[in-house]
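Peer 1: Sharing coords_36.pdb below, PDB, C-alpha atoms:
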```
ATOM      1  CA  MET A1490     109.604 -49.233  40.547  1.00  0.00           C
ATOM      2  CA  THR A1491     112.789 -47.893  38.957  1.00  0.00           C
ATOM      3  CA  THR A1492     114.425 -45.039  40.817  1.00  0.00           C
ATOM      4  CA  SER A1493     115.988 -42.341  38.657  1.00  0.00           C
ATOM      5  CA  VAL A1494     118.260 -39.537  39.813  1.00  0.00           C
ATOM      6  CA  VAL A1495     118.393 -36.347  37.748  1.00  0.00           C
ATOM      7  CA  SER A1496     120.841 -33.622  38.725  1.00  0.00           C
ATOM      8  CA  GLY A1497     119.671 -30.137  37.883  1.00  0.00           C
ATOM      9  CA  GLY A1498     116.290 -31.800  37.601  1.00  0.00           C
ATOM     10  CA  THR A1499     113.919 -28.949  38.439  1.00  0.00           C
ATOM     11  CA  ARG A1500     114.638 -26.304  35.798  1.00  0.00           C
ATOM     12  CA  GLY A1501     114.993 -26.050  32.024  1.00  0.00           C
ATOM     13  CA  ILE A1502     115.817 -29.243  30.189  1.00  0.00           C
ATOM     14  CA  GLY A1503     116.342 -31.060  33.489  1.00  0.00           C
ATOM     15  CA  ARG A1504     112.761 -30.427  34.558  1.00  0.00           C
ATOM     16  CA  GLU A1505     111.450 -31.965  31.356  1.00  0.00           C
ATOM     17  CA  LEU A1506     113.754 -34.954  31.799  1.00  0.00           C
ATOM     18  CA  SER A1507     112.435 -35.481  35.333  1.00  0.00           C
ATOM     19  CA  LEU A1508     108.834 -35.233  34.156  1.00  0.00           C
ATOM     20  CA  ARG A1509     109.429 -37.681  31.310  1.00  0.00           C
ATOM     21  CA  LEU A1510     110.967 -40.273  33.609  1.00  0.00           C
ATOM     22  CA  ALA A1511     108.060 -39.820  36.012  1.00  0.00           C
ATOM     23  CA  ALA A1512     105.635 -40.331  33.113  1.00  0.00           C
ATOM     24  CA  LEU A1513     107.456 -43.589  32.323  1.00  0.00           C
ATOM     25  CA  GLY A1514     106.622 -44.765  35.841  1.00  0.00           C
ATOM     26  CA  HIS A1515     109.947 -44.034  37.514  1.00  0.00           C
ATOM     27  CA  ARG A1516     110.383 -42.665  41.011  1.00  0.00           C
ATOM     28  CA  VAL A1517     112.458 -39.546  40.288  1.00  0.00           C
ATOM     29  CA  ILE A1518     114.874 -37.866  42.675  1.00  0.00           C
ATOM     30  CA  ALA A1519     115.462 -34.413  41.202  1.00  0.00           C
ATOM     31  CA  LEU A1520     118.530 -32.708  42.607  1.00  0.00           C
ATOM     32  CA  TYR A1521     118.644 -28.928  42.662  1.00  0.00           C
ATOM     33  CA  ARG A1522     120.964 -26.274  44.021  1.00  0.00           C
ATOM     34  CA  GLY A1523     118.899 -23.317  45.135  1.00  0.00           C
ATOM     35  CA  ASP A1524     115.621 -22.434  43.419  1.00  0.00           C
ATOM     36  CA  GLU A1525     113.052 -23.638  45.947  1.00  0.00           C
ATOM     37  CA  ASP A1526     110.086 -22.382  43.907  1.00  0.00           C
ATOM     38  CA  ALA A1527     111.165 -24.310  40.804  1.00  0.00           C
ATOM     39  CA  ALA A1528     111.682 -27.403  42.936  1.00  0.00           C
ATOM     40  CA  ARG A1529     108.185 -27.149  44.423  1.00  0.00           C
ATOM     41  CA  GLN A1530     106.618 -26.642  40.990  1.00  0.00           C
ATOM     42  CA  THR A1531     108.428 -29.671  39.579  1.00  0.00           C
ATOM     43  CA  VAL A1532     107.347 -31.855  42.495  1.00  0.00           C
ATOM     44  CA  ARG A1533     103.725 -30.768  42.006  1.00  0.00           C
ATOM     45  CA  ALA A1534     103.899 -31.461  38.266  1.00  0.00           C
ATOM     46  CA  GLY A1535     105.310 -34.939  38.903  1.00  0.00           C
ATOM     47  CA  ASP A1536     102.005 -36.298  40.222  1.00  0.00           C
ATOM     48  CA  GLY A1537     103.570 -37.913  43.264  1.00  0.00           C
ATOM     49  CA  ARG A1538     106.517 -39.489  41.449  1.00  0.00           C
ATOM     50  CA  ILE A1539     109.102 -36.721  41.915  1.00  0.00           C
ATOM     51  CA  GLU A1540     111.025 -35.857  45.068  1.00  0.00           C
ATOM     52  CA  ALA A1541     113.341 -32.840  45.066  1.00  0.00           C
ATOM     53  CA  LEU A1542     116.527 -32.853  47.141  1.00  0.00           C
ATOM     54  CA  ARG A1543     118.939 -29.971  47.508  1.00  0.00           C
ATOM     55  CA  CYS A1544     122.529 -30.686  46.478  1.00  0.00           C
ATOM     56  CA  ASP A1545     125.310 -28.453  45.156  1.00  0.00           C
ATOM     57  CA  LEU A1546     127.147 -30.550  42.568  1.00  0.00           C
ATOM     58  CA  ALA A1547     130.304 -28.510  43.136  1.00  0.00           C
ATOM     59  CA  ARG A1548     130.520 -29.909  46.703  1.00  0.00           C
ATOM     60  CA  PRO A1549     131.586 -33.581  46.896  1.00  0.00           C
ATOM     61  CA  ASP A1550     130.566 -33.820  50.553  1.00  0.00           C
ATOM     62  CA  GLU A1551     126.990 -32.820  49.684  1.00  0.00           C
ATOM     63  CA  ILE A1552     126.968 -35.356  46.855  1.00  0.00           C
ATOM     64  CA  ARG A1553     128.049 -38.168  49.154  1.00  0.00           C
ATOM     65  CA  ALA A1554     125.429 -37.207  51.729  1.00  0.00           C
ATOM     66  CA  VAL A1555     122.540 -37.009  49.265  1.00  0.00           C
ATOM     67  CA  CYS A1556     123.536 -40.284  47.586  1.00  0.00           C
ATOM     68  CA  ALA A1557     123.570 -42.058  50.949  1.00  0.00           C
ATOM     69  CA  ARG A1558     120.122 -40.632  51.645  1.00  0.00           C
ATOM     70  CA  ILE A1559     118.827 -41.829  48.275  1.00  0.00           C
ATOM     71  CA  THR A1560     120.186 -45.356  48.519  1.00  0.00           C
ATOM     72  CA  ASP A1561     119.091 -45.736  52.139  1.00  0.00           C
ATOM     73  CA  ALA A1562     115.537 -44.765  51.225  1.00  0.00           C
ATOM     74  CA  HIS A1563     115.149 -46.304  47.776  1.00  0.00           C
ATOM     75  CA  GLY A1564     118.039 -48.641  47.082  1.00  0.00           C
ATOM     76  CA  ALA A1565     120.145 -48.435  43.953  1.00  0.00           C
ATOM     77  CA  PRO A1566     118.889 -46.215  41.144  1.00  0.00           C
ATOM     78  CA  GLY A1567     118.347 -47.759  37.749  1.00  0.00           C
ATOM     79  CA  VAL A1568     118.951 -44.465  35.941  1.00  0.00           C
ATOM     80  CA  LEU A1569     121.279 -41.555  36.618  1.00  0.00           C
ATOM     81  CA  VAL A1570     121.101 -38.398  34.522  1.00  0.00           C
ATOM     82  CA  ASN A1571     124.004 -35.995  35.013  1.00  0.00           C
ATOM     83  CA  ASN A1572     122.326 -32.824  33.822  1.00  0.00           C
ATOM     84  CA  ALA A1573     123.337 -30.060  36.261  1.00  0.00           C
ATOM     85  CA  GLY A1574     125.493 -27.364  34.721  1.00  0.00           C
ATOM     86  CA  VAL A1575     126.521 -23.738  35.094  1.00  0.00           C
ATOM     87  CA  ASN A1576     128.179 -21.221  32.824  1.00  0.00           C
ATOM     88  CA  ARG A1577     130.274 -18.152  33.548  1.00  0.00           C
ATOM     89  CA  ASP A1578     130.999 -16.704  30.137  1.00  0.00           C
ATOM     90  CA  ARG A1579     133.902 -14.298  29.703  1.00  0.00           C
ATOM     91  CA  PRO A1580     136.595 -13.677  27.116  1.00  0.00           C
ATOM     92  CA  PHE A1581     139.513 -16.018  27.713  1.00  0.00           C
ATOM     93  CA  LEU A1582     141.893 -13.236  28.733  1.00  0.00           C
ATOM     94  CA  SER A1583     139.356 -11.911  31.253  1.00  0.00           C
ATOM     95  CA  MET A1584     138.386 -15.282  32.684  1.00  0.00           C
ATOM     96  CA  THR A1585     139.319 -15.692  36.337  1.00  0.00           C
ATOM     97  CA  GLY A1586     140.468 -18.785  38.134  1.00  0.00           C
ATOM     98  CA  GLU A1587     137.191 -18.769  40.008  1.00  0.00           C
ATOM     99  CA  ASP A1588     135.247 -18.684  36.729  1.00  0.00           C
ATOM    100  CA  TRP A1589     137.188 -21.726  35.556  1.00  0.00           C
ATOM    101  CA  ASP A1590     137.029 -23.666  38.814  1.00  0.00           C
ATOM    102  CA  THR A1591     133.309 -23.092  39.401  1.00  0.00           C
ATOM    103  CA  VAL A1592     132.268 -24.317  35.963  1.00  0.00           C
ATOM    104  CA  LEU A1593     134.588 -27.323  35.941  1.00  0.00           C
ATOM    105  CA  ALA A1594     133.572 -28.286  39.483  1.00  0.00           C
ATOM    106  CA  THR A1595     129.879 -28.439  38.601  1.00  0.00           C
ATOM    107  CA  ASN A1596     129.915 -29.546  34.958  1.00  0.00           C
ATOM    108  CA  LEU A1597     132.695 -32.142  35.050  1.00  0.00           C
ATOM    109  CA  SER A1598     133.695 -33.009  38.606  1.00  0.00           C
ATOM    110  CA  GLY A1599     130.033 -33.088  39.673  1.00  0.00           C
ATOM    111  CA  PRO A1600     129.125 -35.921  37.270  1.00  0.00           C
ATOM    112  CA  PHE A1601     132.280 -37.781  38.306  1.00  0.00           C
ATOM    113  CA  HIS A1602     131.482 -37.624  42.021  1.00  0.00           C
ATOM    114  CA  LEU A1603     127.772 -38.355  41.578  1.00  0.00           C
ATOM    115  CA  SER A1604     128.430 -41.328  39.298  1.00  0.00           C
ATOM    116  CA  ARG A1605     131.226 -42.597  41.524  1.00  0.00           C
ATOM    117  CA  ALA A1606     128.905 -42.503  44.536  1.00  0.00           C
ATOM    118  CA  LEU A1607     126.000 -44.321  42.869  1.00  0.00           C
ATOM    119  CA  ALA A1608     127.624 -46.677  40.344  1.00  0.00           C
ATOM    120  CA  PRO A1609     128.742 -49.319  42.900  1.00  0.00           C
ATOM    121  CA  THR A1610     125.175 -49.719  44.149  1.00  0.00           C
ATOM    122  CA  MET A1611     123.908 -49.880  40.557  1.00  0.00           C
ATOM    123  CA  VAL A1612     126.391 -52.613  39.670  1.00  0.00           C
ATOM    124  CA  ALA A1613     125.515 -54.573  42.805  1.00  0.00           C
ATOM    125  CA  ALA A1614     121.813 -54.334  41.916  1.00  0.00           C
ATOM    126  CA  GLY A1615     122.371 -55.664  38.408  1.00  0.00           C
ATOM    127  CA  GLY A1616     123.112 -52.553  36.369  1.00  0.00           C
ATOM    128  CA  GLY A1617     121.379 -49.591  34.847  1.00  0.00           C
ATOM    129  CA  SER A1618     121.893 -46.600  32.592  1.00  0.00           C
ATOM    130  CA  ILE A1619     123.823 -43.352  33.055  1.00  0.00           C
ATOM    131  CA  VAL A1620     123.253 -40.438  30.694  1.00  0.00           C
ATOM    132  CA  ASN A1621     125.574 -37.440  30.772  1.00  0.00           C
ATOM    133  CA  ILE A1622     124.071 -34.252  29.349  1.00  0.00           C
ATOM    134  CA  ALA A1623     126.837 -32.586  27.392  1.00  0.00           C
ATOM    135  CA  SER A1624     126.495 -29.997  24.609  1.00  0.00           C
ATOM    136  CA  THR A1625     127.419 -29.521  20.977  1.00  0.00           C
ATOM    137  CA  THR A1626     129.895 -26.915  22.251  1.00  0.00           C
ATOM    138  CA  ALA A1627     131.875 -29.889  23.528  1.00  0.00           C
ATOM    139  CA  LEU A1628     132.681 -30.456  19.849  1.00  0.00           C
ATOM    140  CA  ARG A1629     132.636 -26.946  18.437  1.00  0.00           C
ATOM    141  CA  PRO A1630     134.029 -23.981  20.412  1.00  0.00           C
ATOM    142  CA  ARG A1631     132.330 -20.644  20.915  1.00  0.00           C
ATOM    143  CA  PRO A1632     133.610 -17.268  22.057  1.00  0.00           C
ATOM    144  CA  ASP A1633     133.672 -16.518  25.800  1.00  0.00           C
ATOM    145  CA  GLY A1634     133.089 -20.150  26.746  1.00  0.00           C
ATOM    146  CA  ALA A1635     136.505 -21.733  27.274  1.00  0.00           C
ATOM    147  CA  ASN A1636     135.521 -23.053  30.708  1.00  0.00           C
ATOM    148  CA  TYR A1637     132.091 -24.355  29.632  1.00  0.00           C
ATOM    149  CA  CYS A1638     133.316 -25.906  26.377  1.00  0.00           C
ATOM    150  CA  ALA A1639     136.242 -27.575  28.134  1.00  0.00           C
ATOM    151  CA  SER A1640     133.960 -28.969  30.836  1.00  0.00           C
ATOM    152  CA  LYS A1641     131.596 -30.495  28.300  1.00  0.00           C
ATOM    153  CA  ALA A1642     134.429 -31.868  26.166  1.00  0.00           C
ATOM    154  CA  GLY A1643     135.843 -33.510  29.277  1.00  0.00           C
ATOM    155  CA  LEU A1644     132.410 -34.958  30.001  1.00  0.00           C
ATOM    156  CA  LEU A1645     132.458 -36.741  26.643  1.00  0.00           C
ATOM    157  CA  GLN A1646     135.722 -38.486  27.491  1.00  0.00           C
ATOM    158  CA  LEU A1647     134.453 -39.274  30.978  1.00  0.00           C
ATOM    159  CA  THR A1648     131.420 -40.874  29.321  1.00  0.00           C
ATOM    160  CA  LYS A1649     133.607 -43.145  27.214  1.00  0.00           C
ATOM    161  CA  CYS A1650     135.846 -44.152  30.114  1.00  0.00           C
ATOM    162  CA  MET A1651     132.860 -44.899  32.328  1.00  0.00           C
ATOM    163  CA  ALA A1652     131.190 -46.905  29.568  1.00  0.00           C
ATOM    164  CA  LEU A1653     134.344 -48.971  29.150  1.00  0.00           C
ATOM    165  CA  GLU A1654     134.918 -49.643  32.826  1.00  0.00           C
ATOM    166  CA  LEU A1655     131.319 -50.094  33.981  1.00  0.00           C
ATOM    167  CA  ALA A1656     130.426 -52.550  31.215  1.00  0.00           C
ATOM    168  CA  PRO A1657     128.658 -54.889  30.969  1.00  0.00           C
ATOM    169  CA  HIS A1658     126.537 -53.850  33.950  1.00  0.00           C
ATOM    170  CA  ILE A1659     125.937 -50.144  33.291  1.00  0.00           C
ATOM    171  CA  ARG A1660     125.458 -48.445  29.954  1.00  0.00           C
ATOM    172  CA  VAL A1661     126.838 -44.897  29.800  1.00  0.00           C
ATOM    173  CA  ASN A1662     126.003 -42.474  26.995  1.00  0.00           C
ATOM    174  CA  ALA A1663     126.087 -38.740  26.348  1.00  0.00           C
ATOM    175  CA  LEU A1664     123.215 -36.614  25.095  1.00  0.00           C
ATOM    176  CA  LEU A1665     124.317 -33.436  23.327  1.00  0.00           C
ATOM    177  CA  PRO A1666     121.597 -30.781  22.962  1.00  0.00           C
ATOM    178  CA  GLY A1667     122.034 -28.020  20.420  1.00  0.00           C
ATOM    179  CA  PHE A1668     120.182 -24.708  20.527  1.00  0.00           C
ATOM    180  CA  THR A1669     117.251 -25.461  22.818  1.00  0.00           C
ATOM    181  CA  ASP A1670     114.405 -23.094  23.559  1.00  0.00           C
ATOM    182  CA  THR A1671     115.047 -22.466  27.252  1.00  0.00           C
ATOM    183  CA  GLU A1672     115.411 -19.296  29.277  1.00  0.00           C
ATOM    184  CA  GLU A1673     119.111 -19.943  29.849  1.00  0.00           C
ATOM    185  CA  VAL A1674     119.888 -20.452  26.137  1.00  0.00           C
ATOM    186  CA  THR A1675     117.836 -17.406  25.150  1.00  0.00           C
ATOM    187  CA  GLU A1676     119.808 -15.267  27.570  1.00  0.00           C
ATOM    188  CA  ARG A1677     123.228 -16.684  26.723  1.00  0.00           C
ATOM    189  CA  TYR A1678     122.832 -16.294  22.961  1.00  0.00           C
ATOM    190  CA  ARG A1679     120.641 -13.147  23.056  1.00  0.00           C
ATOM    191  CA  LEU A1680     117.852 -14.914  21.191  1.00  0.00           C
ATOM    192  CA  ASP A1681     115.332 -12.327  22.353  1.00  0.00           C
ATOM    193  CA  ASP A1682     116.861 -10.153  19.597  1.00  0.00           C
ATOM    194  CA  PRO A1683     114.785 -10.979  16.467  1.00  0.00           C
ATOM    195  CA  ASP A1684     117.763 -10.546  14.126  1.00  0.00           C
ATOM    196  CA  ARG A1685     119.978 -12.768  16.259  1.00  0.00           C
ATOM    197  CA  ARG A1686     117.259 -15.397  16.525  1.00  0.00           C
ATOM    198  CA  ALA A1687     116.665 -15.338  12.764  1.00  0.00           C
ATOM    199  CA  ALA A1688     120.387 -15.829  12.116  1.00  0.00           C
ATOM    200  CA  VAL A1689     120.501 -18.822  14.452  1.00  0.00           C
ATOM    201  CA  LEU A1690     117.422 -20.401  12.886  1.00  0.00           C
ATOM    202  CA  GLU A1691     118.921 -19.961   9.427  1.00  0.00           C
ATOM    203  CA  SER A1692     121.949 -22.007  10.538  1.00  0.00           C
ATOM    204  CA  ILE A1693     119.821 -24.965  11.684  1.00  0.00           C
ATOM    205  CA  PRO A1694     118.723 -27.301   8.849  1.00  0.00           C
ATOM    206  CA  ARG A1695     115.470 -28.177  10.651  1.00  0.00           C
ATOM    207  CA  GLY A1696     114.670 -24.474  10.825  1.00  0.00           C
ATOM    208  CA  ARG A1697     113.705 -24.293  14.482  1.00  0.00           C
ATOM    209  CA  LEU A1698     115.134 -24.396  17.965  1.00  0.00           C
ATOM    210  CA  GLY A1699     115.041 -27.662  19.841  1.00  0.00           C
ATOM    211  CA  THR A1700     112.603 -28.100  22.681  1.00  0.00           C
ATOM    212  CA  ALA A1701     113.043 -29.646  26.089  1.00  0.00           C
ATOM    213  CA  ARG A1702     110.620 -32.314  24.888  1.00  0.00           C
ATOM    214  CA  ASP A1703     112.991 -33.185  22.033  1.00  0.00           C
ATOM    215  CA  MET A1704     115.691 -33.827  24.636  1.00  0.00           C
ATOM    216  CA  ALA A1705     113.317 -35.898  26.750  1.00  0.00           C
ATOM    217  CA  ASP A1706     112.487 -38.028  23.699  1.00  0.00           C
ATOM    218  CA  ALA A1707     116.194 -38.717  23.230  1.00  0.00           C
ATOM    219  CA  LEU A1708     116.649 -39.492  26.918  1.00  0.00           C
ATOM    220  CA  GLU A1709     113.748 -41.934  26.803  1.00  0.00           C
ATOM    221  CA  PHE A1710     115.544 -43.841  24.050  1.00  0.00           C
ATOM    222  CA  LEU A1711     118.819 -43.913  25.966  1.00  0.00           C
ATOM    223  CA  VAL A1712     117.361 -45.241  29.222  1.00  0.00           C
ATOM    224  CA  THR A1713     115.012 -47.895  27.826  1.00  0.00           C
ATOM    225  CA  ALA A1714     115.580 -51.338  26.369  1.00  0.00           C
ATOM    226  CA  ARG A1715     115.378 -49.878  22.863  1.00  0.00           C
ATOM    227  CA  SER A1716     118.979 -48.744  23.317  1.00  0.00           C
ATOM    228  CA  GLY A1717     120.094 -51.918  25.089  1.00  0.00           C
ATOM    229  CA  TYR A1718     123.062 -52.383  22.738  1.00  0.00           C
ATOM    230  CA  VAL A1719     124.157 -48.727  22.880  1.00  0.00           C
ATOM    231  CA  THR A1720     126.924 -47.581  25.218  1.00  0.00           C
ATOM    232  CA  GLY A1721     129.783 -45.113  25.077  1.00  0.00           C
ATOM    233  CA  GLN A1722     128.022 -43.081  22.404  1.00  0.00           C
ATOM    234  CA  GLN A1723     127.228 -39.429  21.746  1.00  0.00           C
ATOM    235  CA  LEU A1724     123.669 -38.657  20.665  1.00  0.00           C
ATOM    236  CA  ILE A1725     123.537 -35.182  19.113  1.00  0.00           C
ATOM    237  CA  VAL A1726     120.054 -33.625  19.135  1.00  0.00           C
ATOM    238  CA  ASP A1727     120.392 -30.295  17.357  1.00  0.00           C
ATOM    239  CA  GLY A1728     118.281 -30.288  14.194  1.00  0.00           C
ATOM    240  CA  GLY A1729     121.351 -30.923  12.038  1.00  0.00           C
ATOM    241  CA  HIS A1730     123.200 -27.799  13.159  1.00  0.00           C
ATOM    242  CA  PHE A1731     126.419 -29.710  13.767  1.00  0.00           C
ATOM    243  CA  MET A1732     127.383 -32.498  11.396  1.00  0.00           C
ATOM    244  CA  GLY A1733     130.848 -33.634  12.392  1.00  0.00           C
TER
END
```
Now, as a test, write the supplied structure out as structure tokens.
Peer 2:
Amino acid sequence: MTTSVVSGGTRGIGRELSLRLAALGHRVIALYRGDEDAARQTVRAGDGRIEALRCDLARPDEIRAVCARITDAHGAPGVLVNNAGVNRDRPFLSMTGEDWDTVLATNLSGPFHLSRALAPTMVAAGGGSIVNIASTTALRPRPDGANYCASKAGLLQLTKCMALELAPHIRVNALLPGFTDTEEVTERYRLDDPDRRAAVLESIPRGRLGTARDMADALEFLVTARSGYVTGQQLIVDGGHFMG
């Protein structure tokens, strides 16, 4: 049985990614930071294939400890999904050093430390697939998001460097969701305002928000043999909103 590790794997898009991998027959280790109720619900929904482990991706010591626990219990994972992320939106001139450091630590340094801890075991076991969950704001800036946009842009370059150096054993790709119908996106972009939501929908050629299932479909492609010749790439899943 393939073991998959999904950071931020119990809420939002990450929950759907965990459930999809479980449905594909994987043993899923879903990492989470603090929401115990969401973790319990995800484990229950996983029909015995999901285990939730607490880990703050901004703390390298916690990452090392949880990775040792995973590999001791299950061996090398075949799939790693770096999905955990936080945002602290503020205007650039109001943004504090803590706002910057917290977002970069989780969104960029977290994937580095998690991948660095698990990649050697993956290589030794014959390889696997790493998928970094970025964002279309890695390519196109938005107001009040200098820290978040910079973290996701850095993640794209990290993806390419990892793909280059971990080849031919491990494929590394980035999945870039656009506007996705989650609680976090609704709050960040004020999509509970009908006028705001209508304006966003008008800007998306497909005429709707993405769903977590859309992102899981893309992940399924990136971690299966159907993408066996794909590495170092950016898969944008946003209904045509960004065409760069």
Peer 1: Neighbouring residues of Ala1565 of chain A were defined as those with any atom within 7 Å, considering all atoms listed in the file; residues of the same chain fewer than 3 positions away were excluded. Please report them as a list in words.
Peer 2: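 Those residues are Thr1560, Thr1610, Met1611 and Ala1614 of chain A.
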Peer 1: Taking the file above as input, evaluate the PyMOL selection byres ((chain A and resi 1580) around 8) and report the hits as a short mmCIF file (atom, residue, chain, number, x, y, z; two decimals) with C-alpha atoms, in the coordinates of the input.
Peer 2:
```
data_model
loop_
_atom_site.label_atom_id
_atom_site.label_comp_id
_atom_site.auth_asym_id
_atom_site.auth_seq_id
_atom_site.Cartn_x
_atom_site.Cartn_y
_atom_site.Cartn_z
CA ASP A 1578 131.00 -16.70 30.14
CA ARG A 1579 133.90 -14.30 29.70
CA PHE A 1581 139.51 -16.02 27.71
CA LEU A 1582 141.89 -13.24 28.73
CA SER A 1583 139.36 -11.91 31.25
CA MET A 1584 138.39 -15.28 32.68
CA PRO A 1632 133.61 -17.27 22.06
CA ASP A 1633 133.67 -16.52 25.80
CA GLY A 1634 133.09 -20.15 26.75
#
```
Peer 1: Specify as a ChimeraX atom specification each residue included when the PyMOL selection byres ((chain A and resi 1686-1697) around 9) is applied to this file.
Peer 2: /A:1668,1675,1678-1685,1698-1699,1727-1731
Peer 1: Work out how far atom CA of Val1719 of chain A is from atom CA of Ala1652 of chain A, in Å to one decimal.
Peer 2: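 Distance reported for this atom pair: 9.9 Å.
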Peer 1: Evaluating the PyMOL selection byres ((chain A and resi 1504) around 10) on the displayed file yields which residues, as a CSV table (one decimal) with C-alpha atoms, in the coordinates of the input?
Peer 2:
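So selection27.csv came out as:
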```
chain,number,residue,atom,x,y,z
A,1495,VAL,CA,118.4,-36.3,37.7
A,1496,SER,CA,120.8,-33.6,38.7
A,1497,GLY,CA,119.7,-30.1,37.9
A,1498,GLY,CA,116.3,-31.8,37.6
A,1499,THR,CA,113.9,-28.9,38.4
A,1500,ARG,CA,114.6,-26.3,35.8
A,1501,GLY,CA,115.0,-26.0,32.0
A,1502,ILE,CA,115.8,-29.2,30.2
A,1503,GLY,CA,116.3,-31.1,33.5
A,1505,GLU,CA,111.4,-32.0,31.4
A,1506,LEU,CA,113.8,-35.0,31.8
A,1507,SER,CA,112.4,-35.5,35.3
A,1508,LEU,CA,108.8,-35.2,34.2
A,1509,ARG,CA,109.4,-37.7,31.3
A,1519,ALA,CA,115.5,-34.4,41.2
A,1527,ALA,CA,111.2,-24.3,40.8
A,1528,ALA,CA,111.7,-27.4,42.9
A,1530,GLN,CA,106.6,-26.6,41.0
A,1531,THR,CA,108.4,-29.7,39.6
A,1532,VAL,CA,107.3,-31.9,42.5
A,1534,ALA,CA,103.9,-31.5,38.3
A,1535,GLY,CA,105.3,-34.9,38.9
A,1572,ASN,CA,122.3,-32.8,33.8
A,1701,ALA,CA,113.0,-29.6,26.1
A,1705,ALA,CA,113.3,-35.9,26.8
```
